[in-house]
Structure formats: structure tokens, C-alpha cells
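Asker: If it helps, the file is called work.cif and holds mmCIF, C-alpha atoms:
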data_query
loop_
_atom_site.label_atom_id
_atom_site.label_comp_id
_atom_site.auth_asym_id
_atom_site.auth_seq_id
_atom_site.Cartn_x
_atom_site.Cartn_y
_atom_site.Cartn_z
CA MET L 11 -18.48 15.69 22.49
CA THR L 12 -22.18 15.29 21.87
CA HIS L 13 -23.63 13.71 18.80
CA ALA L 14 -26.77 15.16 17.30
CA PRO L 15 -29.33 12.60 16.19
CA THR L 16 -28.44 11.63 12.64
CA ASP L 17 -31.86 12.40 11.23
CA ALA L 18 -31.87 15.96 12.62
CA ARG L 19 -29.38 17.44 10.16
CA PRO L 20 -29.25 15.29 7.05
CA ALA L 21 -27.75 17.93 4.74
CA ILE L 22 -24.55 18.51 6.73
CA SER L 23 -21.51 16.64 5.47
CA SER L 24 -19.59 14.31 7.75
CA ALA L 25 -16.33 15.21 9.47
CA THR L 26 -14.36 12.88 7.20
CA ASP L 27 -15.78 14.55 4.09
CA ASP L 28 -14.93 17.95 5.50
CA TYR L 29 -11.41 16.85 6.37
CA LEU L 30 -10.82 15.49 2.87
CA LEU L 31 -12.29 18.63 1.34
CA GLY L 32 -9.85 20.71 3.39
CA MET L 33 -6.96 18.57 2.17
CA ARG L 34 -8.06 18.97 -1.43
CA THR L 35 -8.33 22.74 -1.00
CA ILE L 36 -4.81 23.13 0.42
CA ALA L 37 -3.22 20.72 -2.11
CA PRO L 38 -2.13 23.36 -4.66
CA LEU L 39 -0.40 25.31 -1.89
CA LEU L 40 1.70 22.28 -0.94
CA VAL L 41 3.37 22.60 -4.33
CA ALA L 42 4.23 26.20 -3.54
CA ALA L 43 5.23 25.60 0.10
CA GLY L 44 7.58 22.68 -0.60
CA PRO L 45 10.27 24.67 -2.46
CA VAL L 46 10.06 27.50 0.08
CA GLY L 47 10.63 24.96 2.88
CA LEU L 48 13.59 23.48 1.00
CA LEU L 49 15.01 26.96 0.56
CA PHE L 50 14.54 27.71 4.24
CA GLY L 51 16.31 24.50 5.25
CA ALA L 52 19.16 25.17 2.85
CA LEU L 53 19.70 28.74 4.07
CA ALA L 54 19.44 27.68 7.72
CA ALA L 55 22.05 24.96 7.18
CA GLN L 56 24.37 27.55 5.66
CA LYS L 57 23.87 29.64 8.83
CA GLY L 58 25.14 26.69 10.87
CA LEU L 59 21.88 25.28 12.24
CA SER L 60 21.78 21.50 12.48
CA ALA L 61 19.06 19.60 10.64
CA LEU L 62 17.37 18.79 13.94
CA GLU L 63 17.37 22.46 14.96
CA ILE L 64 15.84 23.34 11.60
CA LEU L 65 13.20 20.65 12.07
CA LEU L 66 12.41 21.95 15.55
CA MET L 67 12.13 25.54 14.39
CA SER L 68 9.72 24.71 11.57
CA ALA L 69 7.71 22.47 13.92
CA PHE L 70 7.53 24.93 16.84
CA VAL L 71 7.23 28.20 14.98
CA PHE L 72 5.46 27.21 11.71
CA ALA L 73 5.55 30.77 10.38
CA GLY L 74 7.74 31.07 7.28
CA GLY L 75 8.17 34.83 7.16
CA SER L 76 9.41 35.17 10.73
CA GLN L 77 11.68 32.14 10.35
CA PHE L 78 13.48 33.76 7.41
CA VAL L 79 13.79 36.98 9.41
CA ALA L 80 15.29 35.01 12.33
CA LEU L 81 17.85 33.41 9.99
CA ASP L 82 18.88 36.86 8.92
CA MET L 83 19.83 37.66 12.53
CA TRP L 84 21.30 34.23 13.35
CA THR L 85 24.87 35.01 14.49
CA THR L 86 27.16 33.99 17.34
CA PRO L 87 26.51 34.90 20.11
CA LEU L 88 22.86 34.33 19.39
CA PRO L 89 20.74 37.50 19.96
CA TRP L 90 17.88 35.39 21.36
CA LEU L 91 15.86 38.25 22.79
CA THR L 92 16.03 40.33 19.61
CA ILE L 93 15.06 37.29 17.54
CA ALA L 94 12.12 36.49 19.83
CA LEU L 95 10.89 40.10 19.74
CA SER L 96 11.19 40.42 15.98
CA THR L 97 9.34 37.11 15.61
CA PHE L 98 6.55 38.63 17.66
CA LEU L 99 6.57 41.78 15.55
CA VAL L 100 6.59 39.96 12.21
CA ASN L 101 3.70 37.80 13.42
CA MET L 102 1.64 40.68 14.86
CA ARG L 103 -0.71 40.35 11.88
CA HIS L 104 -1.86 37.03 13.37
CA VAL L 105 -3.60 38.94 16.17
CA LEU L 106 -5.89 40.51 13.58
CA MET L 107 -6.23 37.21 11.74
CA SER L 108 -7.36 35.29 14.81
CA MET L 109 -9.62 38.16 15.82
CA SER L 110 -11.22 38.10 12.41
CA LEU L 111 -11.56 34.31 12.19
CA GLY L 112 -12.65 33.88 15.83
CA PRO L 113 -16.37 34.59 15.26
CA SER L 114 -16.45 31.97 12.48
CA THR L 115 -15.28 29.20 14.83
CA THR L 116 -18.43 28.95 16.93
CA THR L 117 -18.65 25.20 16.27
CA PHE L 118 -15.12 24.63 17.64
CA THR L 119 -14.77 23.55 21.27
CA ARG L 120 -12.51 25.61 23.53
CA THR L 121 -9.68 23.07 23.22
CA GLN L 122 -10.16 22.87 19.46
CA LYS L 123 -9.76 26.63 19.26
CA LEU L 124 -6.63 26.75 21.44
CA VAL L 125 -4.99 23.81 19.66
CA GLY L 126 -6.22 24.69 16.18
CA PHE L 127 -5.03 28.30 16.32
CA LEU L 128 -1.52 27.07 17.14
CA PHE L 129 -1.37 26.30 13.41
CA LEU L 130 -2.94 29.51 12.10
CA ALA L 131 -0.42 30.16 9.31
CA ASP L 132 -1.28 32.81 6.70
CA GLU L 133 -2.41 30.26 4.13
CA VAL L 134 -4.50 28.27 6.62
CA TRP L 135 -6.15 31.42 7.86
CA ALA L 136 -6.79 32.70 4.34
CA LEU L 137 -8.49 29.51 3.15
CA SER L 138 -10.50 29.27 6.39
CA GLU L 139 -11.79 32.82 5.93
CA GLN L 140 -12.64 32.05 2.33
CA LYS L 141 -14.62 28.99 3.47
CA ALA L 142 -16.31 30.85 6.33
CA ALA L 143 -17.41 33.63 3.97
CA ARG L 144 -19.61 31.06 2.15
CA VAL L 145 -20.56 28.33 4.63
CA GLN L 146 -20.00 27.30 8.25
CA LEU L 147 -16.34 26.48 8.96
CA SER L 148 -15.88 23.09 10.66
CA PHE L 149 -12.94 21.93 12.76
CA ALA L 150 -12.51 18.92 10.47
CA TYR L 151 -12.15 21.14 7.40
CA TYR L 152 -9.73 23.39 9.31
CA MET L 153 -7.55 20.43 10.30
CA GLY L 154 -7.73 19.16 6.72
CA LEU L 155 -6.01 22.40 5.74
CA VAL L 156 -3.54 22.30 8.64
CA VAL L 157 -2.18 18.73 8.66
CA PRO L 158 -0.79 18.42 5.10
CA PHE L 159 0.47 22.00 5.08
CA TYR L 160 2.22 21.58 8.43
CA LEU L 161 3.82 18.27 7.44
CA MET L 162 4.94 19.72 4.13
CA TRP L 163 6.56 22.73 5.81
CA VAL L 164 8.34 20.73 8.52
CA LEU L 165 9.53 17.92 6.24
CA SER L 166 10.62 20.13 3.34
CA SER L 167 12.72 22.35 5.62
CA PHE L 168 14.28 19.23 7.18
CA VAL L 169 15.13 17.84 3.74
CA GLY L 170 16.39 21.27 2.69
CA ALA L 171 18.99 21.07 5.43
CA PHE L 172 20.60 18.13 3.61
CA VAL L 173 19.97 19.22 0.03
CA GLY L 174 21.62 22.50 0.98
CA ALA L 175 23.26 24.50 -1.72
CA ALA L 176 21.84 22.38 -4.55
CA PHE L 177 18.61 24.33 -4.33
CA THR L 178 19.24 28.02 -4.65
CA ASN L 179 17.25 30.01 -7.17
CA PRO L 180 13.42 29.74 -7.01
CA GLU L 181 13.12 33.19 -8.69
CA ALA L 182 14.25 31.76 -12.02
CA ILE L 183 11.00 29.83 -12.45
CA GLY L 184 8.80 32.44 -10.75
CA LEU L 185 8.05 30.22 -7.75
CA ASP L 186 8.63 33.06 -5.30
CA PHE L 187 5.62 34.73 -6.94
CA ALA L 188 3.26 31.84 -6.00
CA PHE L 189 2.58 33.37 -2.60
CA THR L 190 1.69 36.76 -4.13
CA ALA L 191 -0.45 35.07 -6.79
CA LEU L 192 -2.38 33.21 -4.08
CA PHE L 193 -3.13 36.42 -2.22
CA VAL L 194 -4.11 38.24 -5.40
CA PHE L 195 -6.59 35.43 -6.04
CA LEU L 196 -7.92 35.66 -2.47
CA VAL L 197 -8.29 39.45 -2.67
CA MET L 198 -10.49 38.95 -5.72
CA SER L 199 -12.57 36.28 -3.99
CA PHE L 200 -13.44 38.79 -1.24
CA TRP L 201 -14.78 41.33 -3.73
CA ARG L 202 -18.22 42.56 -2.61
CA GLY L 203 -18.51 45.75 -4.68
CA LYS L 204 -17.49 49.41 -4.36
CA ARG L 205 -16.83 49.26 -0.63
CA THR L 206 -14.31 46.45 -1.07
CA GLY L 207 -12.69 48.63 -3.73
CA ALA L 208 -12.40 51.51 -1.25
CA VAL L 209 -10.95 49.21 1.44
CA LEU L 210 -8.42 47.72 -0.99
CA ALA L 211 -7.36 51.11 -2.36
CA ALA L 212 -6.80 52.47 1.14
CA SER L 213 -4.85 49.45 2.41
CA GLY L 214 -2.79 49.11 -0.78
CA LEU L 215 -1.84 52.78 -0.67
CA ALA L 216 -1.04 52.82 3.05
CA ALA L 217 0.96 49.58 2.87
CA THR L 218 3.00 50.82 -0.08
CA ILE L 219 3.78 54.18 1.54
CA VAL L 220 4.78 52.64 4.87
CA TYR L 221 6.80 49.88 3.18
CA ALA L 222 8.78 52.53 1.29
CA SER L 223 9.44 54.66 4.36
CA VAL L 224 9.63 52.39 7.45
CA SER L 225 11.64 49.17 7.70
CA GLY L 226 10.14 46.06 9.30
CA PRO L 227 6.68 44.54 8.98
CA TRP L 228 4.80 47.74 9.92
CA TYR L 229 3.42 48.09 6.41
CA ILE L 230 1.06 45.16 7.06
CA VAL L 231 -0.23 46.79 10.25
CA ALA L 232 -0.63 50.16 8.51
CA GLY L 233 -2.36 48.71 5.45
CA THR L 234 -4.75 46.64 7.54
CA ALA L 235 -5.56 49.60 9.80
CA ALA L 236 -6.24 51.82 6.78
CA GLY L 237 -8.60 49.20 5.34
CA MET L 238 -10.44 48.78 8.65
CA ILE L 239 -10.81 52.55 9.11
CA THR L 240 -12.16 52.86 5.57
CA ALA L 241 -14.70 50.11 6.23
CA ALA L 242 -15.77 51.78 9.48
CA ILE L 243 -16.16 55.18 7.78
CA CYS L 244 -18.20 53.62 4.95
CA ALA L 245 -20.44 51.94 7.53
CA LYS L 246 -20.90 55.23 9.45
CA VAL L 247 -21.56 57.38 6.38
CA PHE L 248 -23.55 55.01 4.14
CA GLY L 249 -25.04 52.71 6.78
CA LEU L 250 -24.21 49.11 7.59
CA GLU L 251 -23.69 46.76 4.67
CA SER L 252 -25.72 44.04 6.41
CA ASP L 253 -28.72 46.41 6.80
CA ARG L 254 -28.50 47.40 3.16
CA ILE L 255 -28.52 43.77 2.04
CA THR L 256 -31.51 43.03 4.28
CA GLN L 257 -33.41 46.04 2.90
CA GLU L 258 -32.67 45.08 -0.69
CA ALA L 259 -33.84 41.55 -0.01
CA ALA L 260 -37.07 42.91 1.51
CA ARG L 261 -37.85 45.01 -1.56
CA MET K 26 30.25 20.39 9.84
CA THR K 27 28.09 19.63 12.88
CA GLU K 28 26.15 16.40 13.30
CA TRP K 29 22.59 16.62 11.97
CA TYR K 30 21.12 15.92 15.41
CA ALA K 31 23.28 18.42 17.33
CA ILE K 32 21.35 20.88 19.45
CA GLU K 33 22.82 23.93 21.12
CA ILE K 34 21.06 25.04 24.26
CA THR K 35 20.86 28.72 23.18
CA SER K 36 19.49 27.71 19.77
CA PHE K 37 16.85 25.57 21.44
CA TRP K 38 15.92 28.40 23.82
CA THR K 39 15.68 30.87 20.92
CA ILE K 40 13.53 28.50 18.88
CA PHE K 41 11.29 27.90 21.90
CA LEU K 42 10.82 31.66 22.43
CA MET K 43 10.09 32.15 18.73
CA GLY K 44 7.40 29.47 18.92
CA LEU K 45 5.93 31.00 22.05
CA SER K 46 5.81 34.52 20.55
CA THR K 47 4.11 33.15 17.45
CA TYR K 48 1.52 31.23 19.47
CA VAL K 49 0.74 34.31 21.55
CA THR K 50 -0.05 36.29 18.38
CA ARG K 51 -2.23 33.45 17.09
CA VAL K 52 -4.47 33.15 20.15
CA ALA K 53 -4.39 36.82 21.17
CA GLY K 54 -7.21 37.63 18.78
CA LEU K 55 -9.45 35.04 20.45
CA LEU K 56 -8.75 36.54 23.88
CA VAL K 57 -9.41 40.08 22.66
CA LEU K 58 -12.77 38.92 21.30
CA ARG K 59 -13.86 37.70 24.74
CA TYR K 60 -13.70 41.27 26.02
CA LEU K 61 -15.25 42.94 23.01
CA SER K 62 -18.88 42.63 22.04
CA LEU K 63 -19.47 42.29 18.34
CA GLY K 64 -21.87 45.02 17.29
CA GLY K 65 -22.81 46.10 13.77
CA LEU K 66 -20.00 48.61 13.26
CA MET K 67 -17.39 46.41 14.94
CA GLU K 68 -18.41 43.44 12.83
CA GLU K 69 -18.34 45.45 9.61
CA THR K 70 -14.85 46.72 10.47
CA LEU K 71 -13.58 43.20 11.26
CA LYS K 72 -15.00 41.91 7.99
CA ALA K 73 -12.62 44.23 6.16
CA VAL K 74 -9.59 42.59 7.83
CA PRO K 75 -9.06 39.66 5.43
CA PRO K 76 -9.02 41.65 2.15
CA ALA K 77 -7.06 44.48 3.83
CA ILE K 78 -4.35 42.07 5.08
CA PHE K 79 -4.15 40.30 1.70
CA MET K 80 -3.74 43.65 -0.02
CA SER K 81 -1.08 44.81 2.46
CA ILE K 82 0.92 41.60 2.11
CA ILE K 83 1.01 41.79 -1.68
CA ALA K 84 1.50 45.57 -1.97
CA PRO K 85 5.35 45.61 -1.80
CA VAL K 86 5.71 42.85 -4.40
CA ALA K 87 2.83 44.02 -6.57
CA PHE K 88 3.61 47.74 -6.65
CA MET K 89 7.25 48.19 -5.74
CA SER K 90 9.43 45.33 -6.91
CA GLY K 91 9.25 45.85 -10.66
CA VAL K 92 7.17 46.01 -13.83
CA ALA K 93 7.18 42.21 -14.28
CA GLU K 94 5.65 41.63 -10.81
CA THR K 95 3.08 44.43 -11.22
CA LEU K 96 1.94 43.09 -14.59
CA ALA K 97 1.89 39.49 -13.32
CA ALA K 98 -0.24 40.56 -10.34
CA ALA K 99 -2.68 42.34 -12.69
CA ILE K 100 -2.87 39.28 -14.95
CA THR K 101 -3.51 37.05 -11.92
CA ALA K 102 -6.31 39.35 -10.74
CA VAL K 103 -8.04 39.20 -14.14
CA VAL K 104 -7.70 35.40 -14.33
CA ALA K 105 -8.95 35.07 -10.73
CA MET K 106 -12.29 36.64 -11.73
CA ARG K 107 -13.05 33.69 -14.00
CA PHE K 108 -11.02 30.71 -12.81
CA SER K 109 -10.39 28.79 -9.59
CA MET K 110 -7.35 28.92 -7.33
CA LEU K 111 -4.90 26.51 -8.94
CA PRO K 112 -5.13 27.81 -12.53
CA SER K 113 -4.93 31.39 -11.22
CA ILE K 114 -1.72 30.70 -9.29
CA CYS K 115 -0.22 28.80 -12.23
CA VAL K 116 -0.95 31.63 -14.65
CA GLY K 117 0.49 34.12 -12.14
CA VAL K 118 3.72 32.18 -11.61
CA PHE K 119 4.14 31.42 -15.32
CA SER K 120 3.49 35.00 -16.45
CA CYS K 121 5.85 36.32 -13.77
CA ALA K 122 8.65 34.03 -14.96
CA MET K 123 8.02 34.97 -18.61
CA LEU K 124 7.83 38.70 -17.93
CA ARG K 125 11.06 38.62 -15.93
CA MET K 126 12.79 37.06 -18.93
CA VAL K 127 11.38 39.59 -21.37
CA LEU K 128 11.63 42.78 -19.29
#
Please, can you express the file's structure as C-alpha cells?

Answerer:
Amino acid sequence: MTHAPTDARPAISSATDDYLLGMRTIAPLLVAAGPVGLLFGALAAQKGLSALEILLMSAFVFAGGSQFVALDMWTTPLPWLTIALSTFLVNMRHVLMSMSLGPSTTTFTRTQKLVGFLFLADEVWALSEQKAARVQLSFAYYMGLVVPFYLMWVLSSFVGAFVGAAFTNPEAIGLDFAFTALFVFLVMSFWRGKRTGAVLAASGLAATIVYASVSGPWYIVAGTAAGMITAAICAKVFGLESDRITQEAAR
Amino acid sequence: MTEWYAIEITSFWTIFLMGLSTYVTRVAGLLVLRYLSLGGLMEETLKAVPPAIFMSIIAPVAFMSGVAETLAAAITAVVAMRFSMLPSICVGVFSCAMLRMVL
């Protein structure tokens, strides 16, 4: 670690400020993640996992969607290979996420990248991208997002193992919709004009069609691919967005 | 009822493999980037990834699970244009719960 002279960059906030800002940004999502973790713990306990096994799974895997899918297949004898493969498949979207966020982590050291990306859950990635779209993403801010969210997920699923059947129906109060609402909000925050509209239309259409016709998480791959292809075609046909912005600024 | 701290060896192995698979997907993108140079077109295409993934994740709930969810998603989108994250999510969750009761 090297420290730049303090007078060289006066406007940049300190690591502590960034960390706290990250924590503040993730705070609303803790409210949404807690019940989901409780639900996961409760369902896992019903499947016969011990509380310690549930704790370990949430701590090692830290990917809600694939953990629920694994529970679905949790029988005796344990189909460990099938579960591992489906975990990989469900989490395939993370390849695109890390590829997309990678260029925004230029200030991270190599170790910070390899350790930090261990915790690249959907919500962490989404808020990091949102930050990086406006200003430079710092490791402190990133960890500010990660630490509370990780602790909330691990602890709530552990508690859920004991609370068990008492907590059953999050649909009744619409809590299952919190995740969708978050992503609707984030879609809107990435709006950059007509091209975004084209990308969203293509990925929404492709994802819906594939979801209706193919089982498994392929709809996310298809929708993302359709959006990327649309963006590439727009760039080929109408020129690069970055060039256009530069030209407009020059005028 | 098993003890809370009981661990079966196959469960542990399965959990370990799940964690490993997940980590591989999370760093794979970084490794891919080391072998790809980011040019104009490539960068433009990658920039479309976040909104495209968000859209794909919400598509089944927003378009295929029912009228209540579709309407709630639309309401959330409108609110999101004016307000910050927390109020948007709250309005979304609340309107979804209300619409499910009514519809």
C-alpha cells in the first residue's frame, strides 16, 4: 500500500467515509434480505440440514438463488455433483457481472479484487455498478456494501434454522417483491435514452420467451445476450455512444 | 431432530463444492478480461450488461406471474424516476401487497 501525499488530492473522501457511505447505501436492502434469510434457514431446517450446516452454506456460498435451488434437490442420498453443477449454472450470470464490473475496479489491488469478488452477490454488484456509473468505485465503499449484507444473510439464515416453521409466508406482505422492486429501480437508474430502451426491450422480450419455454436459469443468459447484441448493433449502425457524447460536447 | 452443530461429511462436501462453483463464476469475469482488450465496441457492449441483466432477472416476475406484479413493477418504475431507492422499494412492495389483495 502506498499513500499519496495528503495535499495532492484534497477532494477525494477518506476510506472510512467511503465505507460508511457503502453501509448507508446497502441499509435498505438489509431489511429485504433479513426475511429471505430467515425463510431460507427455515426451509433448510425442514429439509434436515443442521443449523451449523445452514450457517456454513450461507457463509461459503453467499448466493441466495442458488441456495434455494440446492434445497430443492436436497435428498438422501445427496446428489452432490448435480447440486454443484446447478449451483454453477444458476450463478453463471456472475461471470458477466464480474466482467462488467472488472474495468471499474482499477483502484483495487490484485488481492482486493480476488477477495472482494468472493462476495459479489447480485445486490452488491448492482450497487457497485450504480456507483461506478457516476464516480470512481473504491474498495472501501465496496466493502461497506459487502460486510453488513454478508453478516445479515449468514446470521438471518442461521436464526431461521431455529425459528423454523414460525416464519412461512412473506408473500402476504409483498416482501418477496422487494427484490424485483430493487431491480426495477436499478433498471431506471441506468436509463441513458433510446438506446437503453432498445436494450431493455430486447432483453425483456428474450428473457420472457426463454423463461416460458426452457426450464432453469437460461432466461437470464438469453436476456443478457439479447441486450448485449442490441447494444453492439446500435454501436455498429449509429456509431459509438461515447463518440456521440464527445461530439455533442464539442459543439 | 439432529443437534444444531451436527455436520454430515457429504453435506459439508456438497456445500464446499457449491461455494467453489460460485466463486469460480465470480472471478471468471476478471480472468476473461485479462485476455480481452477493451475497445470501443467491446466496451459499449459490456456497458449494456447491467441493465440487460436487471431486466432479465425481473422479466419472469414482472411479465409472467400475474397482473398484480406487472402493475406493481410499472408503479415502481414510475416512482423510481422521481424518488430514491428506499421509497421506490417501499412503494413497490406496498402496492404489490395491496394489488394482490384486490385482484

Asker: Using all atoms listed in the file, which of the listed residues (L:Ser138, L:Ser225, L:Thr190, L:Thr35) sits closest to chain K?

Answerer: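 That would be L:Thr190, the residue with the smallest distance to chain K.
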
Asker: Could you tell me which of K:Met110, K:Phe41, K:Ile34, K:Thr95 comes closest to L:Gln140 if we count all atoms listed in the file?

Answerer: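 Using all atoms listed in the file, L:Gln140 sits closest to K:Met110.
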
Asker: Let me make sure I understand: among L:Trp201, L:Phe50, L:Phe189, L:Trp90, which one has the smallest atom-to-atom distance to chain K if we use only C-alpha atoms?

Answerer: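 Counting only C-alpha atoms, the residue closest to chain K is L:Trp90.
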
Asker: For the PyMOL selection byres ((chain K and resi 96) around 12), applied here, can you spell out every residue it catches as JSON, numbers by chain?

Answerer: {"L": [187, 191], "K": [86, 87, 88, 89, 90, 91, 92, 93, 94, 95, 97, 98, 99, 100, 101, 102, 103, 116, 117, 118, 119, 120, 121, 122, 123, 124, 125, 128]}

Asker: Only C-alpha atoms, please: the residues just picked out, written as a PDB file, in the frame of the given file.

Answerer:
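The resulting file, selection-v2.pdb, is reproduced below:
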ATOM      1  CA  PHE L 187       5.620  34.730  -6.940  1.00  0.00           C
ATOM      2  CA  ALA L 191      -0.450  35.070  -6.790  1.00  0.00           C
TER       3      ALA L 191
ATOM      4  CA  VAL K  86       5.710  42.850  -4.400  1.00  0.00           C
ATOM      5  CA  ALA K  87       2.830  44.020  -6.570  1.00  0.00           C
ATOM      6  CA  PHE K  88       3.610  47.740  -6.650  1.00  0.00           C
ATOM      7  CA  MET K  89       7.250  48.190  -5.740  1.00  0.00           C
ATOM      8  CA  SER K  90       9.430  45.330  -6.910  1.00  0.00           C
ATOM      9  CA  GLY K  91       9.250  45.850 -10.660  1.00  0.00           C
ATOM     10  CA  VAL K  92       7.170  46.010 -13.830  1.00  0.00           C
ATOM     11  CA  ALA K  93       7.180  42.210 -14.280  1.00  0.00           C
ATOM     12  CA  GLU K  94       5.650  41.630 -10.810  1.00  0.00           C
ATOM     13  CA  THR K  95       3.080  44.430 -11.220  1.00  0.00           C
ATOM     14  CA  ALA K  97       1.890  39.490 -13.320  1.00  0.00           C
ATOM     15  CA  ALA K  98      -0.240  40.560 -10.340  1.00  0.00           C
ATOM     16  CA  ALA K  99      -2.680  42.340 -12.690  1.00  0.00           C
ATOM     17  CA  ILE K 100      -2.870  39.280 -14.950  1.00  0.00           C
ATOM     18  CA  THR K 101      -3.510  37.050 -11.920  1.00  0.00           C
ATOM     19  CA  ALA K 102      -6.310  39.350 -10.740  1.00  0.00           C
ATOM     20  CA  VAL K 103      -8.040  39.200 -14.140  1.00  0.00           C
ATOM     21  CA  VAL K 116      -0.950  31.630 -14.650  1.00  0.00           C
ATOM     22  CA  GLY K 117       0.490  34.120 -12.140  1.00  0.00           C
ATOM     23  CA  VAL K 118       3.720  32.180 -11.610  1.00  0.00           C
ATOM     24  CA  PHE K 119       4.140  31.420 -15.320  1.00  0.00           C
ATOM     25  CA  SER K 120       3.490  35.000 -16.450  1.00  0.00           C
ATOM     26  CA  CYS K 121       5.850  36.320 -13.770  1.00  0.00           C
ATOM     27  CA  ALA K 122       8.650  34.030 -14.960  1.00  0.00           C
ATOM     28  CA  MET K 123       8.020  34.970 -18.610  1.00  0.00           C
ATOM     29  CA  LEU K 124       7.830  38.700 -17.930  1.00  0.00           C
ATOM     30  CA  ARG K 125      11.060  38.620 -15.930  1.00  0.00           C
ATOM     31  CA  LEU K 128      11.630  42.780 -19.290  1.00  0.00           C
TER      32      LEU K 128
END

Asker: Determine the residue membership of the PyMOL selection byres ((chain L and resi 83) around 12) for the file above and supply it as a list in words.

Answerer: Ala54, Lys57, Ser76, Gln77, Phe78, Val79, Ala80, Leu81, Asp82, Trp84, Thr85, Thr86, Pro87, Leu88, Pro89, Trp90, Leu91, Thr92, Ile93, Ala94, Leu95, Ser96 and Thr97 of chain L; Thr39 of chain K

Asker: To one decimal in Å, tell me the separation between atom CA of L:Leu65 and atom CA of L:Gly184.

Answerer: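 Atom CA of L:Gly184 lies at a distance of 26.1 Å from atom CA of L:Leu65.
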
Asker: Can you give me, as a PyMOL selection string, the residues this file yields under the PyMOL selection byres ((chain L and resi 237-239) around 8)?

Answerer: (chain L and resi 208-210+212-213+233-236+240-243) or (chain K and resi 70-71+73-74+77)

Asker: For L:Pro45, list every protein, DNA or RNA residue within 12 Å, evaluated using all atoms listed in the file, and leave out those in the same chain fewer than 5 positions away; present the list as a list in words.

Answerer: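 Counting all atoms listed in the file, the residues come to Leu39, Leu40, Phe50, Gly51, Ala52, Gly74, Met162, Trp163, Val164, Leu165, Ser166, Ser167, Phe168, Val169, Gly170, Val173, Ala176, Phe177, Thr178, Asn179, Pro180, Glu181, Ile183, Gly184, Leu185, Asp186, Phe187, Ala188 and Phe189 of chain L.
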
Asker: Atom CA of L:Gln146 to atom CA of K:Met80: how many Å, to one decimal?

Answerer: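 Answer for the atom CA of L:Gln146 to atom CA of K:Met80 separation: 24.5 Å.
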
Asker: Could you work out how far atom CA of K:Ser113 lies from atom CA of L:Ala42, giving the answer in Å with one decimal?

Answerer: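 Going from atom CA of L:Ala42 over to atom CA of K:Ser113 covers 13.0 Å.
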
Asker: To box stretch 63-73 of chain L, take all atoms listed in the file, fit an axis-aligned box, add 6 Å on each side, and give centre and edge lengths in Å to one decimal, as AutoDock Vina command-line options.

Answerer:
--center_x 11.4 --center_y 25.7 --center_z 13.6 --size_x 23.9 --size_y 22.1 --size_z 18.5

Asker: Under the rule that all atoms listed in the file are counted, which of L:Ala142, L:Leu31, L:Leu137, L:Met67 is the nearest residue to chain K?

Answerer: L:Met67

Asker: Please provide as a PyMOL selection string all residues within 6 Å of L:Tyr151, with the sequence filter that same-chain residues fewer than 4 positions apart are discarded (counting all atoms listed in the file).

Answerer: chain L and resi 28-29+32

Asker: Tell me which of L:Ser199, L:Ala182, L:Ser223, L:Ala131 sits closest to L:Leu155, counting all atoms listed in the file.

Answerer: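 Closest candidate: L:Ala131.
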
Asker: Taking only C-alpha atoms into account, name the residue in L:Val156, L:Ile230, L:Ala43, L:Val224 that is nearest to chain K.

Answerer: L:Ile230

Asker: Could you name the residues that touch K:Glu28 at 12 Å or less, counting all atoms listed in the file, but leaving out those on the same chain fewer than 4 positions away, as a PDB file with C-alpha atoms, in the frame of the given file?

Answerer:
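File result28.pdb, as written:
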ATOM      1  CA  ALA L  55      22.050  24.960   7.180  1.00  0.00           C
ATOM      2  CA  GLY L  58      25.140  26.690  10.870  1.00  0.00           C
ATOM      3  CA  LEU L  59      21.880  25.280  12.240  1.00  0.00           C
ATOM      4  CA  SER L  60      21.780  21.500  12.480  1.00  0.00           C
ATOM      5  CA  ALA L  61      19.060  19.600  10.640  1.00  0.00           C
ATOM      6  CA  LEU L  62      17.370  18.790  13.940  1.00  0.00           C
ATOM      7  CA  GLU L  63      17.370  22.460  14.960  1.00  0.00           C
ATOM      8  CA  ALA L 171      18.990  21.070   5.430  1.00  0.00           C
ATOM      9  CA  PHE L 172      20.600  18.130   3.610  1.00  0.00           C
TER      10      PHE L 172
ATOM     11  CA  ILE K  32      21.350  20.880  19.450  1.00  0.00           C
ATOM     12  CA  GLU K  33      22.820  23.930  21.120  1.00  0.00           C
TER      13      GLU K  33
END

Asker: Excluding same-chain residues fewer than 3 positions from stretch 49-62 of chain K, what lies within 7 Å of it counting all atoms listed in the file, as a ChimeraX atom specification?

Answerer: /L:101-102,104-106,108-109,112,124,127-128,130 /K:45-46
